[in-house]
Amino acid sequence: MLETIIDNAYEWLVVVNKDGMIDYMNKTYCEFLEVDRETVVGRHVTDVIENTRMHIVARSGNMELADLQYIRGNYMIANRVPIYQDDEIIGAVGTVIFRDTEQWKQMNTHIKVLLSELEYYRSGSSKENGASYSLYDIVGTSEPIRSLKEKVKQVASGNVSVLIRGESGTGKELFAHSIHQLSERSNRPFIKVNCGAIPDQLLESELFGYEEGAFTGAKKGGKLGKFELADKGTIFLDEIGDMPANMQVKLLRVLQDREVERVGSLRTKKVDVRIIAATNRPLEAMVEERRFREDLFYRINVIQLFIPALRERVQDVKPLAESFVRKISAKAGKRVIGIEDNAMQLLLQHNWPGNARELENALEASVHLTRTETVDVASLPDYLKENEGLVTGNRKLKDIVEKAECEAIRKTLIQCENDKLAAAKILGIGKTSLYDKINKYDLV
Ligand SMILES: Nc1ncnc2c1ncn2[C@@H]1O[C@H](COP(=O)(O)OP(=O)(O)OP(=O)(O)O)[C@@H](O)[C@H]1O
C-alpha cells in the first residue's frame with residue numbers, strides 16, 4: 001500500500017544509502033528521467049540524476065530544503081533530508097516538490113490572488129446557477145420525464161458531451177446540474193456560461209481568460225477563463241445556438257485539442273472539461289443555413305436529451321405545482337398547504353408557453369397573494385382566468401363552444417409551430433375551414 005501511495009504521490013522521490021547509491025526511486029521520477037527502475041537501484045545517484053547533491057547530504061547529514069536544481073531542462077525545487085538510525089546517518093531521502101520554477105513562482109506569488117479569484121467566480125457562478133440540483137429535484141411523473149431521468153443515470157458517469165434541448169423554462173439547466181452531480185466530477189466545479197447573454201466581444205475572454213496587458217482595461221494579473229475554472233469539472237454552455245460564428249470556431253478547437261489559449265497569450269494550457277450544452281434553437285436548420293457549424297454540432301451532439309414542453313406532458317403540472325407551492329411557501333415563511341381544486345383546474349388548462357418557469361412564477365405570486373392557507377382562484381394571475389368561463393359554465397353554450405374552439409385552434413397552432421396544414425390535420429378539419437376560423441377568432 002505504501003508503495004502505491006509513494007508511486008502516485010505528486011512528489012518525485014529518491015532514497016540513497018550513505019555511499020550515495022540509489023536504494024529506491026519512485027515510478028514517476030523514473031518516468032521523468034526515462035530510466036528503468038530495476039536498473040537504477042544500486043547505481044550511484046550522480047550517474048542517474050543531473051546536478052544532484054543527494055550523496056553529499058547522505059554524507060554530511062545537513063538537510064537542504066527548497067534548493068534549486070536543474071534537471072533535464074527544468075529548474076526543480078529539491079528537498080534533501082538525511083536519514084538517521086540510532087544517531088548514525090544511513091542515507092538520505094530526496095523529493096522534488098514543484099517540478100519547475102514556473103509552477104513554483106506561480107504557486108507562491110499568485111496563489112492567494114488566484115485562489116480568491118477562483119473562489120469569487122465559483123461562488124458567483126453558483127449564485128447565478130442557484131442551488132445545485134440533482135435528479136431528486138426534478139419533479140414529474142410523465143413518461144418523458146421518467147425516461148429522461150433514466151437516460152441521465154446512464155450517461156452521467158461518462159465524459160461524453162450532452163446536448164439538452166427543449167423550450168425555455170423546461171428544466172434544461174436542472175438536467176445539466178443532475179448530470180454533473182451524478183458524475184465522477186461532482187466535487188469539481190460546475191461552471192455555467194450563458195452564451196447568449198455575454199456580448200460577442202467579451203465572450204472569448206470570458207471563456208478562455210486573458211493575460212495581463214492583453215488589451216486596454218485588462219485586469220492586472222490577467223483573468224482566468226471559464227474553461228480553466230471548470231478544469232476537471234463540467235462547463236454548461238447555455239444557449240449555445242446563440243454563439244457567434246467566430247467563437248464557434250474557437251470552441252471547436254478547444255473541444256478537439258482539449259487546450260485553451262488565453263487572449264494575449266502565446267501558450268496553450270491543457271484543460272479537462274466535460275461539455276454540456278443547451279439550446280432551444282433548431283440547430284439542424286441553423287446548420288443547413290450555415291449559421292451553426294456542422295462540425296461543432298456533431299461534437300456537442302453526442303448524447304441528446306430532449307425535454308418536451310410542459311403542455312405536452314400535462315400530467316406533470318399537478319406534481320410540479322404542488323412541489324413549487326411547498327418550496328415557495330417554505331422560502332417565504334408563509335403557511336400555504338395546498339392548491340384548491342378549481343385553481344388546479346385552471347393550472348391544468350393553461351398552455352404554459354413559459355413551461356415550468358412560468359408555472360413557478362405564477363405560483364410564487366399566488367403564494368404571496370393568497371389570504372387563505374391554500375392557493376385559490378382569486379390568488380392566481382388574471383391571465384390564467386381567461387378561460388374561467390369554461391370551467392364554471394356560467395355563460396351561454398354558444399360562447400363556451402366558441403371559446404373552446406378558439407382555444408383548441410390557438411393551442412394546436414402553437415404545437416405545430418404555426419404550420420396550418422399540420423394543425424388542420426390534427427384538428428380533423430379542412431385547411432380552408434381552419435383559415436376561416438383563424439380569421440374569425442383573429443388568431444393570426
Ligand atoms: N421538472 C422540474 N422539476 C422541478 N423544477 C423544475 C422542473 N423543470 C423546471 N423547473 C424549474 O423551472 C425553472 C426553470 O428551469 P431551468 O432554468 O432549468 O430551465 P431552462 O430550460 O434551462 O430555461 P432557459 O432555456 O430559459 O435557460 C427553474 O426554477 C427550475 O427549478
# chains A, B, ... in the order shown; residues from 1 in each chain; ligands from 1
$ select_by_dssp --residues "segment 163-409 of chain A" --states "helix (DSSP H, G or I)" --output "VMD selection string"
chain A and resid 172 to 182 200 to 208 226 to 229 240 to 242 245 to 257 283 to 288 294 to 300 310 to 312 314 to 332 341 to 349 355 to 369 377 to 379 382 to 385 388 to 392 397 to 409
$ residues_around --residues "Asn17 of chain A" --least-positions-apart "6" --cutoff "9 Å" --atoms "only C-alpha atoms" --output "PyMOL selection string"
chain A and resi 23+55+58+83+89-93
$ write_last_selection --atoms "N, CA and C atoms" --output "mmCIF file, in the first residue's frame"
data_model
loop_
_atom_site.group_PDB
_atom_site.id
_atom_site.type_symbol
_atom_site.label_atom_id
_atom_site.label_comp_id
_atom_site.auth_asym_id
_atom_site.auth_seq_id
_atom_site.Cartn_x
_atom_site.Cartn_y
_atom_site.Cartn_z
ATOM 1 N N ASP A 23 18.831 3.471 -3.393
ATOM 2 C CA ASP A 23 18.119 2.329 -2.805
ATOM 3 C C ASP A 23 16.711 2.231 -3.385
ATOM 4 N N HIS A 55 24.180 12.552 -2.542
ATOM 5 C CA HIS A 55 25.326 11.835 -1.954
ATOM 6 C C HIS A 55 26.015 12.710 -0.911
ATOM 7 N N ALA A 58 23.830 12.746 2.222
ATOM 8 C CA ALA A 58 23.922 11.433 2.877
ATOM 9 C C ALA A 58 25.232 11.296 3.660
ATOM 10 N N ILE A 83 18.790 10.564 6.526
ATOM 11 C CA ILE A 83 18.051 9.569 7.321
ATOM 12 C C ILE A 83 18.993 9.038 8.399
ATOM 13 N N ILE A 89 24.066 8.250 10.459
ATOM 14 C CA ILE A 89 23.475 8.505 9.129
ATOM 15 C C ILE A 89 23.518 7.220 8.304
ATOM 16 N N ILE A 90 22.339 6.858 7.768
ATOM 17 C CA ILE A 90 22.352 5.658 6.922
ATOM 18 C C ILE A 90 21.994 5.990 5.466
ATOM 19 N N GLY A 91 21.679 7.246 5.206
ATOM 20 C CA GLY A 91 21.364 7.618 3.834
ATOM 21 C C GLY A 91 20.624 8.950 3.794
ATOM 22 N N ALA A 92 19.894 9.173 2.678
ATOM 23 C CA ALA A 92 19.130 10.418 2.551
ATOM 24 C C ALA A 92 17.921 10.179 1.654
ATOM 25 N N VAL A 93 16.904 10.983 1.906
ATOM 26 C CA VAL A 93 15.723 10.911 1.038
ATOM 27 C C VAL A 93 15.558 12.265 0.350
#
$ residues_near_ligand --ligand "ligand 1" --cutoff "8 Å" --atoms "only C-alpha atoms and all ligand atoms" --output "PyMOL selection string"
chain A and resi 137-140+145+165-175+238-239+278-280+316+320+323-324+355-360
$ select_by_dssp --residues "segment 189-340 of chain A" --states "strand (DSSP E or B)" --output "ChimeraX atom specification"
/A:190-194,209-210,223-224,234-238,259-260,263,269-270,274-279,303-306,338-339
$ write_last_selection --atoms "N, CA and C atoms" --output "PDB file, in the first residue's frame"
ATOM      1  N   PHE A 190     -18.888  23.203 -11.405  1.00  0.00           N
ATOM      2  CA  PHE A 190     -19.889  23.220 -12.479  1.00  0.00           C
ATOM      3  C   PHE A 190     -19.980  24.693 -12.881  1.00  0.00           C
ATOM      4  N   ILE A 191     -19.506  24.995 -14.057  1.00  0.00           N
ATOM      5  CA  ILE A 191     -19.447  26.405 -14.460  1.00  0.00           C
ATOM      6  C   ILE A 191     -20.434  26.646 -15.596  1.00  0.00           C
ATOM      7  N   LYS A 192     -21.299  27.620 -15.355  1.00  0.00           N
ATOM      8  CA  LYS A 192     -22.299  27.920 -16.382  1.00  0.00           C
ATOM      9  C   LYS A 192     -21.886  29.147 -17.197  1.00  0.00           C
ATOM     10  N   VAL A 193     -22.042  29.046 -18.491  1.00  0.00           N
ATOM     11  CA  VAL A 193     -21.802  30.204 -19.347  1.00  0.00           C
ATOM     12  C   VAL A 193     -23.061  30.412 -20.175  1.00  0.00           C
ATOM     13  N   ASN A 194     -23.615  31.602 -20.081  1.00  0.00           N
ATOM     14  CA  ASN A 194     -24.767  31.870 -20.918  1.00  0.00           C
ATOM     15  C   ASN A 194     -24.290  32.526 -22.208  1.00  0.00           C
ATOM     16  N   GLY A 209     -10.236  33.366 -20.859  1.00  0.00           N
ATOM     17  CA  GLY A 209      -9.408  34.198 -19.987  1.00  0.00           C
ATOM     18  C   GLY A 209      -8.484  35.099 -20.791  1.00  0.00           C
ATOM     19  N   TYR A 210      -7.746  35.951 -20.097  1.00  0.00           N
ATOM     20  CA  TYR A 210      -6.765  36.785 -20.799  1.00  0.00           C
ATOM     21  C   TYR A 210      -5.544  37.012 -19.937  1.00  0.00           C
ATOM     22  N   LYS A 223      -6.832  37.229 -16.258  1.00  0.00           N
ATOM     23  CA  LYS A 223      -8.064  36.672 -15.723  1.00  0.00           C
ATOM     24  C   LYS A 223      -8.239  35.234 -16.195  1.00  0.00           C
ATOM     25  N   LEU A 224      -8.725  34.414 -15.298  1.00  0.00           N
ATOM     26  CA  LEU A 224      -8.979  33.021 -15.667  1.00  0.00           C
ATOM     27  C   LEU A 224     -10.243  32.933 -16.505  1.00  0.00           C
ATOM     28  N   THR A 234     -17.270  20.433 -15.031  1.00  0.00           N
ATOM     29  CA  THR A 234     -18.201  20.480 -16.157  1.00  0.00           C
ATOM     30  C   THR A 234     -18.442  21.930 -16.550  1.00  0.00           C
ATOM     31  N   ILE A 235     -18.492  22.177 -17.837  1.00  0.00           N
ATOM     32  CA  ILE A 235     -18.889  23.512 -18.280  1.00  0.00           C
ATOM     33  C   ILE A 235     -20.261  23.381 -18.942  1.00  0.00           C
ATOM     34  N   PHE A 236     -21.164  24.262 -18.558  1.00  0.00           N
ATOM     35  CA  PHE A 236     -22.520  24.214 -19.102  1.00  0.00           C
ATOM     36  C   PHE A 236     -22.687  25.405 -20.043  1.00  0.00           C
ATOM     37  N   LEU A 237     -22.710  25.115 -21.327  1.00  0.00           N
ATOM     38  CA  LEU A 237     -22.823  26.181 -22.322  1.00  0.00           C
ATOM     39  C   LEU A 237     -24.296  26.361 -22.666  1.00  0.00           C
ATOM     40  N   ASP A 238     -24.913  27.294 -21.961  1.00  0.00           N
ATOM     41  CA  ASP A 238     -26.341  27.521 -22.165  1.00  0.00           C
ATOM     42  C   ASP A 238     -26.523  28.398 -23.400  1.00  0.00           C
ATOM     43  N   GLU A 259      -7.331  22.020 -25.219  1.00  0.00           N
ATOM     44  CA  GLU A 259      -6.459  23.019 -24.613  1.00  0.00           C
ATOM     45  C   GLU A 259      -6.971  24.412 -24.954  1.00  0.00           C
ATOM     46  N   VAL A 260      -6.692  25.345 -24.024  1.00  0.00           N
ATOM     47  CA  VAL A 260      -7.171  26.713 -24.248  1.00  0.00           C
ATOM     48  C   VAL A 260      -5.989  27.668 -24.347  1.00  0.00           C
ATOM     49  N   VAL A 263      -6.514  35.007 -24.170  1.00  0.00           N
ATOM     50  CA  VAL A 263      -6.365  36.146 -25.063  1.00  0.00           C
ATOM     51  C   VAL A 263      -5.043  36.836 -24.692  1.00  0.00           C
ATOM     52  N   LYS A 269      -2.941  25.869 -22.722  1.00  0.00           N
ATOM     53  CA  LYS A 269      -2.984  25.135 -21.465  1.00  0.00           C
ATOM     54  C   LYS A 269      -3.986  23.993 -21.619  1.00  0.00           C
ATOM     55  N   LYS A 270      -3.589  22.819 -21.159  1.00  0.00           N
ATOM     56  CA  LYS A 270      -4.480  21.661 -21.253  1.00  0.00           C
ATOM     57  C   LYS A 270      -5.643  21.835 -20.280  1.00  0.00           C
ATOM     58  N   ARG A 274     -15.759  18.572 -19.061  1.00  0.00           N
ATOM     59  CA  ARG A 274     -16.884  17.923 -19.743  1.00  0.00           C
ATOM     60  C   ARG A 274     -17.857  18.998 -20.227  1.00  0.00           C
ATOM     61  N   ILE A 275     -18.360  18.774 -21.423  1.00  0.00           N
ATOM     62  CA  ILE A 275     -19.237  19.783 -22.015  1.00  0.00           C
ATOM     63  C   ILE A 275     -20.691  19.336 -21.938  1.00  0.00           C
ATOM     64  N   ILE A 276     -21.511  20.216 -21.375  1.00  0.00           N
ATOM     65  CA  ILE A 276     -22.956  20.030 -21.503  1.00  0.00           C
ATOM     66  C   ILE A 276     -23.468  21.314 -22.149  1.00  0.00           C
ATOM     67  N   ALA A 277     -24.162  21.179 -23.231  1.00  0.00           N
ATOM     68  CA  ALA A 277     -24.670  22.370 -23.910  1.00  0.00           C
ATOM     69  C   ALA A 277     -26.190  22.313 -23.915  1.00  0.00           C
ATOM     70  N   ALA A 278     -26.803  23.475 -24.024  1.00  0.00           N
ATOM     71  CA  ALA A 278     -28.267  23.504 -24.083  1.00  0.00           C
ATOM     72  C   ALA A 278     -28.717  24.562 -25.071  1.00  0.00           C
ATOM     73  N   THR A 279     -29.843  24.303 -25.669  1.00  0.00           N
ATOM     74  CA  THR A 279     -30.401  25.301 -26.580  1.00  0.00           C
ATOM     75  C   THR A 279     -31.868  25.021 -26.838  1.00  0.00           C
ATOM     76  N   ILE A 303     -24.692  12.877 -27.098  1.00  0.00           N
ATOM     77  CA  ILE A 303     -25.904  12.351 -26.467  1.00  0.00           C
ATOM     78  C   ILE A 303     -26.891  13.508 -26.431  1.00  0.00           C
ATOM     79  N   GLN A 304     -28.112  13.231 -26.795  1.00  0.00           N
ATOM     80  CA  GLN A 304     -29.086  14.312 -26.782  1.00  0.00           C
ATOM     81  C   GLN A 304     -30.219  14.009 -25.806  1.00  0.00           C
ATOM     82  N   LEU A 305     -30.561  15.014 -25.011  1.00  0.00           N
ATOM     83  CA  LEU A 305     -31.738  14.877 -24.151  1.00  0.00           C
ATOM     84  C   LEU A 305     -32.746  15.906 -24.625  1.00  0.00           C
ATOM     85  N   PHE A 306     -33.924  15.449 -24.945  1.00  0.00           N
ATOM     86  CA  PHE A 306     -34.944  16.408 -25.377  1.00  0.00           C
ATOM     87  C   PHE A 306     -36.030  16.485 -24.315  1.00  0.00           C
ATOM     88  N   GLY A 338     -51.637  23.897   0.177  1.00  0.00           N
ATOM     89  CA  GLY A 338     -52.128  23.150  -0.990  1.00  0.00           C
ATOM     90  C   GLY A 338     -52.756  24.059  -2.030  1.00  0.00           C
ATOM     91  N   ILE A 339     -53.354  23.412  -3.028  1.00  0.00           N
ATOM     92  CA  ILE A 339     -53.986  24.152  -4.128  1.00  0.00           C
ATOM     93  C   ILE A 339     -55.434  23.704  -4.217  1.00  0.00           C
TER      94      ILE A 339
END
$ residues_around --residues "Arg43 of chain A" --least-positions-apart "2" --cutoff "7 Å" --atoms "only C-alpha atoms" --output "number ranges by chain"
A: 21-22, 40-41, 45, 47
$ closest_residue --among "A:Ile164, A:Val14, A:Ile71, A:Ala66" --to "Thr95 of chain A" --atoms "only C-alpha atoms"
A:Val14
$ atom_distance --atom1 "atom CA of Gly264 of chain A" --atom2 "atom CA of Gly221 of chain A"
12.2 Å
$ atom_distance --atom1 "atom CA of Ile337 of chain A" --atom2 "atom CA of Thr374 of chain A"
5.6 Å
$ closest_residue --among "A:Lys440, A:Lys27, A:Arg290, A:Lys334" --to "Ile5 of chain A" --atoms "only C-alpha atoms"
A:Lys27
$ closest_residue --among "A:His44, A:Lys220, A:Arg299, A:Arg291" --to "Leu163 of chain A" --atoms "only C-alpha atoms"
A:Arg299
